[in-house]
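Novice: Pasting start.txt below, which is compact mmCIF, C-alpha atoms and all ligand atoms.
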# COMPACT_ATOMS: atom_id res chain seq x y z
CA MET A 238 -13.35 21.69 10.49
CA SER A 239 -9.80 22.87 9.75
CA GLU A 240 -7.93 23.15 6.51
CA THR A 241 -4.45 22.80 7.98
CA GLY A 242 -2.36 22.56 11.08
CA ASP A 243 -4.09 20.08 13.35
CA ALA A 244 -4.53 17.18 10.90
CA ARG A 245 -2.86 13.92 11.94
CA LEU A 246 -1.29 13.46 8.50
CA ARG A 247 -0.58 15.70 5.50
CA VAL A 248 -0.09 14.15 2.08
CA ASP A 249 0.61 16.20 -1.06
CA LEU A 250 0.28 14.68 -4.53
CA VAL A 251 1.72 16.22 -7.69
CA THR A 252 0.23 15.04 -10.98
CA ILE A 253 -0.80 16.17 -14.47
CA PHE A 254 -4.29 14.79 -13.66
CA PRO A 255 -5.19 16.67 -10.46
CA ASP A 256 -8.94 16.42 -11.15
CA VAL A 257 -8.86 12.64 -11.41
CA VAL A 258 -6.75 12.26 -8.28
CA GLU A 259 -8.84 14.79 -6.35
CA ALA A 260 -12.08 13.03 -7.34
CA TYR A 261 -10.89 9.75 -5.84
CA ALA A 262 -9.38 11.37 -2.75
CA ALA A 263 -12.69 13.18 -2.10
CA THR A 264 -14.54 9.86 -1.91
CA SER A 265 -15.31 7.31 0.76
CA VAL A 266 -13.01 6.86 3.72
CA LEU A 267 -10.46 9.44 2.49
CA GLY A 268 -13.04 12.12 1.80
CA ARG A 269 -14.71 11.66 5.16
CA ALA A 270 -11.43 11.88 7.05
CA ARG A 271 -10.44 15.02 5.11
CA ARG A 272 -13.73 16.71 5.90
CA ALA A 273 -13.28 15.74 9.56
CA GLY A 274 -9.87 17.44 9.59
CA ILE A 275 -7.95 14.21 10.34
CA LEU A 276 -6.22 14.17 6.95
CA ASP A 277 -4.80 17.13 5.05
CA VAL A 278 -4.52 15.90 1.44
CA ARG A 279 -3.45 18.46 -1.19
CA VAL A 280 -3.46 17.71 -4.89
CA HIS A 281 -1.25 19.90 -7.09
CA ASP A 282 -1.13 20.32 -10.87
CA LEU A 283 2.32 19.48 -12.21
CA ARG A 284 1.64 21.73 -15.22
CA GLN A 285 1.89 24.74 -12.95
CA GLY A 286 5.63 24.06 -13.08
CA ALA A 287 5.62 24.70 -16.84
CA ASP A 288 6.05 28.30 -17.94
CA ASP A 289 5.48 28.05 -21.69
CA PRO A 290 2.01 28.90 -23.04
CA ARG A 291 1.41 25.24 -23.97
CA ARG A 292 2.21 24.17 -20.38
CA SER A 293 4.25 21.27 -21.76
CA VAL A 294 5.98 19.00 -19.27
CA ASP A 295 7.52 16.37 -21.56
CA ASP A 296 10.15 16.19 -24.30
CA THR A 297 11.83 13.69 -26.61
CA PRO A 298 14.56 11.47 -25.13
CA PHE A 299 18.26 12.28 -25.67
CA GLY A 300 19.77 9.39 -27.58
CA GLY A 301 16.56 8.71 -29.43
CA GLY A 302 13.87 6.14 -28.89
CA ALA A 303 10.12 5.96 -28.73
CA GLY A 304 7.94 8.13 -26.55
CA MET A 305 8.39 11.16 -24.38
CA VAL A 306 10.17 11.86 -21.12
CA LEU A 307 8.96 14.06 -18.28
CA ALA A 308 11.38 17.00 -18.36
CA PRO A 309 13.24 18.17 -15.25
CA GLY A 310 12.39 21.88 -15.53
CA PRO A 311 8.64 21.69 -14.93
CA VAL A 312 9.04 19.05 -12.22
CA PHE A 313 11.71 20.93 -10.24
CA GLN A 314 9.77 24.17 -10.62
CA ALA A 315 6.48 22.61 -9.49
CA ILE A 316 8.11 21.08 -6.41
CA GLU A 317 9.89 24.34 -5.56
CA ARG A 318 6.63 26.27 -5.96
CA PHE A 319 4.42 23.90 -3.92
CA ALA A 320 7.08 23.00 -1.34
CA PRO A 321 5.29 19.73 -0.46
CA PRO A 322 6.20 18.01 2.81
CA ARG A 323 9.22 15.72 2.75
CA PRO A 324 9.95 12.92 2.22
CA LEU A 325 8.92 13.23 -1.42
CA PHE A 326 8.55 9.95 -3.29
CA LEU A 327 8.42 9.34 -7.04
CA LEU A 328 6.11 6.47 -8.02
CA SER A 329 8.01 4.17 -10.35
CA PRO A 330 8.34 0.45 -11.16
CA ALA A 331 12.04 0.88 -10.28
CA GLY A 332 11.29 1.98 -6.71
CA ARG A 333 11.38 0.27 -3.34
CA ARG A 334 8.42 -2.08 -3.01
CA PHE A 335 5.64 -0.47 -1.01
CA ASP A 336 4.25 -2.76 1.70
CA GLN A 337 2.21 -2.73 4.91
CA ARG A 338 5.26 -1.97 7.06
CA LEU A 339 6.10 1.14 5.03
CA ALA A 340 2.41 2.11 5.12
CA ARG A 341 2.52 1.98 8.92
CA ASP A 342 5.73 4.03 9.06
CA LEU A 343 4.33 6.70 6.74
CA ALA A 344 1.06 6.86 8.68
CA GLY A 345 3.05 7.98 11.71
CA ALA A 346 5.40 10.33 9.87
CA GLY A 347 3.26 13.50 10.05
CA GLY A 348 3.54 14.18 6.34
CA PHE A 349 4.98 13.07 3.02
CA SER A 350 4.44 13.68 -0.70
CA LEU A 351 3.96 11.67 -3.89
CA LEU A 352 5.09 12.66 -7.39
CA CYS A 353 3.35 10.94 -10.29
CA GLY A 354 5.40 10.25 -13.40
CA ARG A 355 3.80 9.93 -16.85
CA TYR A 356 4.90 9.34 -20.41
CA GLU A 357 7.60 6.76 -21.03
CA GLY A 358 9.76 7.88 -18.17
CA VAL A 359 11.02 10.67 -15.96
CA ASP A 360 14.31 12.54 -16.47
CA GLN A 361 16.82 10.78 -14.22
CA ARG A 362 17.81 14.07 -12.55
CA VAL A 363 14.41 14.10 -10.84
CA ALA A 364 15.18 10.77 -9.16
CA ASP A 365 18.82 11.71 -8.50
CA HIS A 366 18.52 15.28 -7.25
CA LEU A 367 14.91 16.16 -6.36
CA VAL A 368 13.02 13.34 -4.69
CA ASP A 369 13.95 11.49 -1.50
CA GLY A 370 13.09 8.04 -2.82
CA GLU A 371 11.17 5.98 -5.36
CA LEU A 372 8.23 3.70 -4.52
CA SER A 373 6.82 0.79 -6.53
CA ILE A 374 3.46 -0.84 -5.81
CA GLY A 375 4.37 -3.98 -7.77
CA ASP A 376 6.13 -5.56 -10.70
CA TYR A 377 4.03 -4.27 -13.58
CA VAL A 378 4.04 -1.07 -15.60
CA LEU A 379 1.28 1.54 -15.48
CA ALA A 380 0.74 4.42 -17.90
CA GLY A 381 1.39 6.85 -15.06
CA GLY A 382 1.98 7.10 -11.34
CA GLU A 383 -1.54 8.26 -10.41
CA LEU A 384 -3.06 4.88 -9.60
CA ALA A 385 0.07 3.87 -7.71
CA ALA A 386 -0.04 7.12 -5.70
CA LEU A 387 -3.70 6.51 -4.82
CA VAL A 388 -2.85 2.99 -3.69
CA VAL A 389 -0.15 4.36 -1.38
CA LEU A 390 -2.42 7.17 -0.17
CA GLU A 391 -5.29 4.85 0.75
CA ALA A 392 -3.13 2.16 2.35
CA VAL A 393 -1.40 4.76 4.54
CA CYS A 394 -4.40 6.94 5.41
CA ARG A 395 -6.59 4.07 6.63
CA LEU A 396 -3.94 3.43 9.31
CA VAL A 397 -4.18 6.95 10.74
CA PRO A 398 -6.14 6.88 14.01
CA GLY A 399 -9.75 8.01 13.52
CA VAL A 400 -9.83 7.49 9.74
CA LEU A 401 -11.65 4.16 9.89
CA GLY A 402 -14.96 3.87 11.73
CA ASN A 403 -12.73 1.94 14.11
CA ALA A 404 -14.50 -1.31 14.87
CA ALA A 405 -11.18 -3.14 14.66
CA SER A 406 -7.71 -1.72 14.96
CA PRO A 407 -5.83 -2.07 11.67
CA GLY A 408 -2.74 -2.93 13.71
CA GLU A 409 -4.43 -6.20 14.60
CA GLU A 410 -5.20 -7.14 11.01
CA SER A 411 -3.47 -10.34 10.16
CA HIS A 412 -1.64 -8.68 7.26
CA ALA A 413 -0.10 -6.31 9.79
CA LEU A 414 1.18 -9.45 11.50
CA GLY A 415 2.52 -10.92 8.25
CA LEU A 416 -0.38 -13.33 7.71
CA LEU A 417 -3.37 -13.51 5.41
CA GLU A 418 -6.86 -12.92 6.80
CA TYR A 419 -9.01 -15.77 8.08
CA PRO A 420 -12.27 -16.43 6.18
CA GLN A 421 -15.32 -14.34 7.14
CA TYR A 422 -19.02 -15.20 6.90
CA THR A 423 -22.30 -13.42 7.50
CA ARG A 424 -25.96 -14.40 7.34
CA PRO A 425 -27.58 -16.58 6.16
CA ALA A 426 -25.98 -19.59 7.88
CA SER A 427 -26.97 -21.67 4.88
CA PHE A 428 -26.82 -20.04 1.45
CA ARG A 429 -27.80 -22.08 -1.63
CA GLY A 430 -26.86 -25.16 0.34
CA TYR A 431 -23.43 -23.78 1.32
CA GLY A 432 -22.92 -23.68 5.06
CA VAL A 433 -20.71 -21.82 7.50
CA PRO A 434 -18.04 -23.45 9.72
CA GLU A 435 -19.91 -24.81 12.76
CA ILE A 436 -17.53 -23.24 15.23
CA LEU A 437 -18.53 -19.69 14.20
CA LEU A 438 -22.10 -20.43 15.34
CA SER A 439 -20.99 -21.89 18.68
CA GLY A 440 -20.70 -18.67 20.69
CA ASP A 441 -17.40 -19.94 22.17
CA HIS A 442 -15.24 -16.86 21.57
CA GLY A 443 -12.02 -18.45 22.78
CA ARG A 444 -12.39 -21.39 20.40
CA ILE A 445 -13.38 -19.02 17.58
CA ALA A 446 -10.26 -16.88 18.09
CA ARG A 447 -8.03 -19.99 18.01
CA TRP A 448 -9.80 -21.32 14.89
CA ARG A 449 -9.34 -17.98 13.13
CA HIS A 450 -5.65 -17.87 13.98
CA ALA A 451 -5.27 -21.45 12.68
CA GLU A 452 -7.10 -20.52 9.46
CA SER A 453 -4.82 -17.49 8.96
CA LEU A 454 -1.77 -19.71 9.36
CA ARG A 455 -3.19 -22.46 7.13
CA ARG A 456 -4.07 -20.07 4.32
CA THR A 457 -0.74 -18.30 4.51
CA LEU A 458 1.15 -21.60 4.41
CA GLU A 459 -0.81 -22.73 1.38
CA ARG A 460 -0.98 -19.47 -0.59
CA ARG A 461 1.97 -17.35 0.55
CA PRO A 462 4.69 -19.55 2.03
CA ASP A 463 7.12 -16.66 1.39
CA LEU A 464 5.32 -14.70 4.13
CA ILE A 465 5.79 -17.58 6.60
CA ALA A 466 9.48 -17.81 5.67
CA ALA A 467 9.88 -14.02 6.12
CA ARG A 468 8.64 -14.26 9.71
CA GLY A 469 11.05 -17.10 10.46
CA GLY A 470 8.79 -20.13 10.00
CA LEU A 471 6.21 -21.36 12.50
CA SER A 472 6.61 -21.37 16.26
CA GLU A 473 6.05 -24.60 18.18
CA ALA A 474 2.77 -23.18 19.50
CA GLU A 475 1.61 -22.49 15.94
CA VAL A 476 2.46 -26.03 14.85
CA HIS A 477 0.36 -27.32 17.77
CA LEU A 478 -2.49 -24.96 16.95
CA LEU A 479 -2.54 -26.18 13.35
CA ALA A 480 -2.42 -29.83 14.42
CA GLU A 481 -5.35 -29.24 16.82
CA HIS A 482 -7.33 -27.99 13.84
CA GLY A 483 -6.53 -30.98 11.68
CA TYR A 484 -3.73 -29.48 9.57
CA ARG A 485 -0.92 -32.01 9.11
CA GLY A 486 1.66 -29.95 7.18
CA GLY A 487 2.79 -27.63 9.98
CA ALA A 488 5.63 -29.64 11.51
CA ALA A 489 7.44 -29.96 8.17
CA ILE A 490 7.34 -26.17 7.69
CA ALA A 491 8.62 -25.46 11.19
CA GLY A 492 11.48 -27.91 10.58
CA ALA A 493 12.28 -26.11 7.32
CA GLU A 494 13.20 -22.79 8.96
CA GLN A 495 16.81 -22.93 7.78
CA ALA A 496 16.03 -24.81 4.53
CA PRO A 497 13.23 -22.77 2.95
CA ALA A 498 10.50 -24.67 1.15
CA GLU A 499 10.31 -24.70 -2.64
CA ALA A 500 7.84 -21.83 -3.12
CA SER A 501 9.92 -18.86 -1.93
CA ALA A 502 10.90 -17.51 -5.34
CA GLN A 503 9.27 -14.10 -4.78
CA PRO A 504 11.14 -11.45 -2.83
CA SER A 505 9.83 -11.27 0.72
CA GLU A 506 7.89 -8.18 1.64
CA GLU A 507 7.23 -8.12 5.35
C1 LIG N 1 5.35 5.16 -14.07
C2 LIG N 1 7.63 5.72 -15.52
C3 LIG N 1 6.32 5.99 -13.53
O1 LIG N 1 4.11 2.18 -13.48
C4 LIG N 1 4.28 2.65 -12.36
C5 LIG N 1 4.39 1.76 -11.17
C6 LIG N 1 4.40 0.37 -11.19
N1 LIG N 1 4.55 -0.04 -9.93
N2 LIG N 1 4.64 1.00 -9.16
C7 LIG N 1 4.56 2.13 -9.86
O2 LIG N 1 4.35 4.00 -12.16
C8 LIG N 1 4.13 4.85 -13.29
C9 LIG N 1 5.53 4.58 -15.31
C10 LIG N 1 6.67 4.86 -16.05
C11 LIG N 1 7.46 6.28 -14.28
As C-alpha cells, how would this structure be written, given the file I've shared?
Ligand code: JF5
Specialist:
Amino acid sequence: MSETGDARLRVDLVTIFPDVVEAYAATSVLGRARRAGILDVRVHDLRQGADDPRRSVDDTPFGGGAGMVLAPGPVFQAIERFAPPRPLFLLSPAGRRFDQRLARDLAGAGGFSLLCGRYEGVDQRVADHLVDGELSIGDYVLAGGELAALVVLEAVCRLVPGVLGNAASPGEESHALGLLEYPQYTRPASFRGYGVPEILLSGDHGRIARWRHAESLRRTLERRPDLIAARGGLSEAEVHLLAEHGYRGGAAIAGAEQAPAEASAQPSEE
C-alpha cells in the first residue's frame, strides 16, 4: 500500500548489520504489517555515518583497555543524516528496563527510533548528547544492540491496532494486567495419557473465565510474587476466587501487602 505517511507507527533502526535486522523485520507479523502499510519500519546502516574509505565506526578506548568503542563521529553523523523520529533510544545494559508498560506507551507514540551499539561500548557523548534515553531488555550482556532492538520492535509493534490477526486484544493479555498467562490446551483431550482440566470441556464459559483468572493468579503467586507485590497484593475478591479453586495460600499474601513476602528480591517491572 503506502510507504509512508499513513502508517500507525514509524520505527527507525540504526545498526552496522542492516541486512540482518531487515531480514527479521521483513518476516512474520512485522513483515505482514509493513506490507499492509500499518507499520513504517526503516533500517539504516550506521556505516553511512563514516566518511573514511574503510567506513570504520570504532576506535580504541582513551585510557587503555581491551576492545573497541563505537566512536561519536559516525554515530552523530548517521543520526543527523537519517533524522530518525524521536525519541531515539540507545540499546544498552545500562538503560531503563524495557517492559510491557513501556511497550504500550511506545505503540501509541506515533514513532520512535532505536540505535544499536556494538563493540565493547559506545562513546559516552552519544548517550549524553545525542540520544533521548537508553533501554535495556534485561540484566545480561549481548555482543550488540541488534537483538535487543528487535525484541523492543516486536513487543511494541504487536500492540499496534491491526498488526495481529486480532482474535484477542493484547490489552487483555494477562501480562498487560501484571499477571502471567493461564495454561492453554488444545486437542486431543487425552494425549499420551495426559488429560485436560475438566472445566475446559464443560462449555460453562463463566466458570471457565473464573478458573482462568484463578490460574493466572495462582501461577503468578508461585512463580513471580514480585509481580503480585508490584500491583499491591491481592484484593479480597481475588483471595476468595483462589479459595474457591482450592488454593490455600491467598489469604497470607493479601495480609502481607505492607510486609512483602520473601521472594521480592528482583526489581519490580510493572
Ligand atoms: C550493547 C554496549 C550495547 O547488551 C545489550 C543489552 C542487554 N540488555 N539490553 C541491551 O546491548 C548491546 C552491548 C554493549 C552497548
Novice: Could you give me, as a list in words, the residues within 10 Å of Ser373 of chain A, counting all atoms listed in the file and dropping anything in the same chain fewer than 5 positions from it?
Specialist: Phe326, Leu327, Leu328, Ser329, Pro330, Ala331, Gly332, Arg333, Arg334, Phe335, Asp336, Val378, Gly382, Ala385, Ala386 and Val389 of chain A
Novice: May I have the selected residues written with C-alpha atoms, as an mmCIF file, in the frame of the given file?
Specialist:
data_model
loop_
_atom_site.group_PDB
_atom_site.id
_atom_site.type_symbol
_atom_site.label_atom_id
_atom_site.label_comp_id
_atom_site.auth_asym_id
_atom_site.auth_seq_id
_atom_site.Cartn_x
_atom_site.Cartn_y
_atom_site.Cartn_z
ATOM 1 C CA PHE A 326 8.550 9.950 -3.290
ATOM 2 C CA LEU A 327 8.420 9.340 -7.040
ATOM 3 C CA LEU A 328 6.110 6.470 -8.020
ATOM 4 C CA SER A 329 8.010 4.170 -10.350
ATOM 5 C CA PRO A 330 8.340 0.450 -11.160
ATOM 6 C CA ALA A 331 12.040 0.880 -10.280
ATOM 7 C CA GLY A 332 11.290 1.980 -6.710
ATOM 8 C CA ARG A 333 11.380 0.270 -3.340
ATOM 9 C CA ARG A 334 8.420 -2.080 -3.010
ATOM 10 C CA PHE A 335 5.640 -0.470 -1.010
ATOM 11 C CA ASP A 336 4.250 -2.760 1.700
ATOM 12 C CA VAL A 378 4.040 -1.070 -15.600
ATOM 13 C CA GLY A 382 1.980 7.100 -11.340
ATOM 14 C CA ALA A 385 0.070 3.870 -7.710
ATOM 15 C CA ALA A 386 -0.040 7.120 -5.700
ATOM 16 C CA VAL A 389 -0.150 4.360 -1.380
#
Novice: Given the point (9.3, 17.4, -11.5) in the coordinates of this file, which residues lie within 9 Å, counting all atoms listed in the file, and how would they look as a list in words?
Specialist: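 Residues satisfying the cut-off, written out: Val251, Leu283, Gly286, Val294, Leu307, Ala308, Pro309, Gly310, Pro311, Val312, Phe313, Gln314, Ala315, Ile316, Leu352, Cys353, Gly354, Val359, Asp360, Val363, Leu367 and Val368 of chain A.
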Novice: Here is a test: counting all atoms listed in the file, which residue of A:Glu383, A:Asp277, A:Asp369, A:Glu475 is nearest to ligand LIG 1 (chain N)?
Specialist: A:Glu383
Novice: Let me make sure I understand: among A:Tyr422, A:Val400, A:Leu387, A:Tyr431, which one has the smallest atom-to-atom distance to Arg272 of chain A if we use only C-alpha atoms?
Specialist: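 Among the listed residues, A:Val400 lies closest to Arg272 of chain A.
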Novice: Contacts of segment 442-458 of chain A at 6 Å or less, counting all atoms listed in the file, minus same-chain residues fewer than 3 places along, as an MDAnalysis selection string?
Specialist: chainID A and resid 416:419 461:462 479
Novice: Counting all atoms listed in the file, write as a ChimeraX atom specification all protein and nucleic acid residues lying at most 6 Å from (0.5, 18.2, -3.8) in the file's frame.
Specialist: /A:249-251,279-281
Novice: Between atom CA of Leu414 of chain A and atom CA of Val266 of chain A, what is the distance, to one decimal in Å?
Specialist: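 Going from atom CA of Leu414 of chain A over to atom CA of Val266 of chain A, I get 23.0 Å.
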Novice: What is the distance, in Å and to one decimal place, between atom CA of Leu339 of chain A and atom CA of Leu325 of chain A?
Specialist: 14.0 Å
Novice: Just give me the gap between atom C4 of ligand LIG 1 (chain N) and atom CA of Gly381 of chain A in Å, one decimal is fine.
Specialist: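 Computed distance, atom C4 of ligand LIG 1 (chain N) to atom CA of Gly381 of chain A, equals 5.8 Å.
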Novice: Check the smallest atom-to-atom distance from each of A:Ala413, A:Leu246, A:Ala270, A:Ile490 to Gly470 of chain A using all atoms listed in the file, then report the winner.
Specialist: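 The shortest atom-to-atom distance to Gly470 of chain A comes from A:Ile490.
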Novice: Return the padded bounding box of ligand LIG 1 (chain N) as JSON: axis-aligned, built from all atoms listed in the file, 5 Å added on each side, with centre and edge lengths in Å to one decimal.
Specialist:
{"center_x": 5.9, "center_y": 3.1, "center_z": -12.6, "size_x": 13.5, "size_y": 16.3, "size_z": 16.9}
Novice: Counting only C-alpha atoms, what is within 7 Å of Glu357 of chain A, bar same-chain residues fewer than 5 positions away, as a list in words?
Specialist: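 Counting only the stated atoms, we get Gly304, Met305 and Val306 of chain A.
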Novice: Hey, which of A:Ser265, A:Gln337, A:Gln421, A:Thr252 ends up closest to ligand LIG 1 (chain N)? Count all atoms listed in the file.
Specialist: A:Thr252
Novice: So that I can check the surroundings of Pro407 of chain A, please list as a list in words every protein, DNA and RNA residue that reaches within 8 Å of it, counting all atoms listed in the file and ignoring chain neighbours fewer than 3 positions away.
Specialist: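 The residues satisfying every condition are Arg395, Leu396, Glu410 and Ala413 of chain A.
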Novice: For ligand LIG 1 (chain N), which of A:Arg424, A:Arg429, A:Arg362, A:Arg355 is the closest residue, counting only C-alpha atoms and all ligand atoms?
Specialist: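 Of all the options, A:Arg355 lies closest to ligand LIG 1 (chain N).
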Novice: Using all atoms listed in the file, can you tell me which of A:Tyr377, A:Phe319, A:Phe254, A:Tyr261 comes closest to ligand LIG 1 (chain N)?
Specialist: A:Tyr377
